[in-house]
Amino acid sequence: MASSSALSRLSNLHNHLRPLDSNNQIGGLVKFSPEVSQALSSGRAVVALESTIISHGMPYPQNLETAKQVEEIVRKNGAVPATIAILDGVPCVGLSAEQLERLATLGTRAQKTARRDIAYVVAGRRNGATTVSATMFFASMVGIPVFVTGGIGGVHRHGEETMDVSSDLTELGKTPVAVISAGVKSILDIPKTLEYLETQGVCVVGYKTDEFPAFFTDTSGCKAPCRLDTPEECARLIDATTKLKLGNGVLIAVPIPKEQSASGSKIESAIQKALKEAREKNIIGSAETPFLLARVNELTGGASLASNIALVKNNALVGSKIAVALARLREHSSKAAGMN
């Protein structure tokens, strides 16, 4: 039986967006998979997953295999995966096997969709793969508090000149979703990114580490502002952020396991070369990160892609445990409130 708090959350959601119809769709706007719909209505732990990593993060069929494996990791750890994408103009929260296959084969033909692009993709009935900012937006809209990704965007190197700052950072400043990532991609300016997050009022946590991780590697040379060591501690932080109505997200940075971390110096050398090539080819804006990641993977002989897959799976493991701990905490709080 669903808890009173879960029913209340779903009731508020339905009142805001109109009830689900027979196709698990809210007012013709957002469509849920049956698995996600049932989980949300019963108060079970749900983990949001982005889809840009499928369309733009790696080649087919590796992207499809990885997406399926990540979803399976979430399920094995007690939560329900909700991969988010826009298909034929319909935002989908939770994808079927067929939809995952379609997105994987579409690849870069699916539009890379950040918050600014959502209305354009929906209005034009296009296919869109959601970035961190767009996935956070939809997760918050439907009441999913935990979102797992690889690494977030940030302030690009030389960002003080180009003003190239990812919308992921401003989304974290205004959308109450906990983002579980391997820190910030090392192709970016990590110190400036942390400064920007501080300006946005975002609580940044190092999970079992005092040092902020750098995506491919577990070290960055930057101190993590906070440290937490268990899923339960993370759940309490997320719950406190919600109850205090701070209105912003939380970034929980999980270092890639040491045994799967690529050589930091090798990665850094490849990044510098890729950055130089991007400048020479005038590759900027949303096209820059996919180019850099692909080029770094080529220059490292596939080592960076292997690290990317490893860290996403590890984040899914940690994020699922946090989501389950949060669901238990809220269930306990609801029962305690009901007894008073």
# chains A, B, ... in the order shown; residues from 1 in each chain; ligands from 1
$ closest_atom_pairs --of "segment 121-238 of chain A" --to "segment 302-322 of chain A" --cutoff "12 Å" --atoms "only C-alpha atoms" --output "CSV"
residue,atom,partner,partner_atom,distance
A:Pro145,CA,A:Ile322,CA,10.2
A:Val146,CA,A:Gly319,CA,7.1
A:Phe147,CA,A:Gly319,CA,7.3
A:Val148,CA,A:Ala316,CA,6.0
A:Thr149,CA,A:Val312,CA,6.4
A:Gly150,CA,A:Val312,CA,4.8
A:Gly151,CA,A:Val312,CA,8.3
A:Ile152,CA,A:Val312,CA,11.7
A:Ala178,CA,A:Gly319,CA,9.3
A:Val179,CA,A:Gly319,CA,8.5
A:Ile180,CA,A:Gly319,CA,6.0
A:Ser181,CA,A:Asn315,CA,6.1
A:Ala182,CA,A:Leu311,CA,6.6
A:Gly183,CA,A:Leu311,CA,10.2
A:Lys185,CA,A:Asn308,CA,10.0
A:Ser186,CA,A:Ser304,CA,10.9
A:Ile187,CA,A:Ser304,CA,11.6
A:Tyr207,CA,A:Val318,CA,9.2
A:Lys208,CA,A:Val318,CA,11.0
A:Pro213,CA,A:Leu311,CA,11.0
A:Ala214,CA,A:Leu311,CA,10.9
A:Phe215,CA,A:Leu311,CA,7.7
A:Phe216,CA,A:Ser307,CA,5.8
A:Thr217,CA,A:Ser307,CA,8.3
A:Asp218,CA,A:Leu311,CA,10.0
A:Leu228,CA,A:Ile322,CA,11.5
A:Asp229,CA,A:Val318,CA,10.9
A:Thr230,CA,A:Ile322,CA,8.2
A:Pro231,CA,A:Ile322,CA,4.5
A:Glu232,CA,A:Ile322,CA,6.7
A:Glu233,CA,A:Ile322,CA,8.6
A:Cys234,CA,A:Ile322,CA,6.4
A:Ala235,CA,A:Ile322,CA,5.8
A:Arg236,CA,A:Ile322,CA,9.6
A:Leu237,CA,A:Ile322,CA,10.5
A:Ile238,CA,A:Ile322,CA,9.4
$ select_by_dssp --residues "segment 169-237 of chain A" --states "alpha helix (DSSP H)" --output "list in words"
Leu169, Thr170, Glu171, Leu172, Gly173, Lys174, Ile190, Pro191, Lys192, Thr193, Leu194, Glu195, Tyr196, Leu197, Glu198, Thr199, Pro231, Glu232, Glu233, Cys234, Ala235, Arg236 and Leu237 of chain A
$ select_by_dssp --residues "segment 78-239 of chain A" --states "strand (DSSP E or B)" --output "PyMOL selection string"
chain A and resi 80-87+90-93+111-113+128-130+146-148+152+155-156+165+178-181+183-184+188+203-207+211+214+217+223+226-228
$ residues_around --residues "segment 132-143 of chain A" --least-positions-apart "3" --cutoff "9 Å" --atoms "only C-alpha atoms" --output "ChimeraX atom specification"
/A:9-10,13-14,17,30,40,47-52,82-85,91,93,113-118,129,146-147,149,151-153,166-172,175-179,249
$ closest_residue --among "A:Ile267, A:Leu100, A:Cys92, A:Met163" --to "Gln69 of chain A" --atoms "only C-alpha atoms"
A:Leu100
$ atom_distance --atom1 "atom CA of Gly89 of chain A" --atom2 "atom CA of Gln111 of chain A"
11.2 Å
$ closest_residue --among "A:Leu275, A:Leu299, A:Leu87, A:Ala240" --to "Leu329 of chain A" --atoms "only C-alpha atoms"
A:Ala240
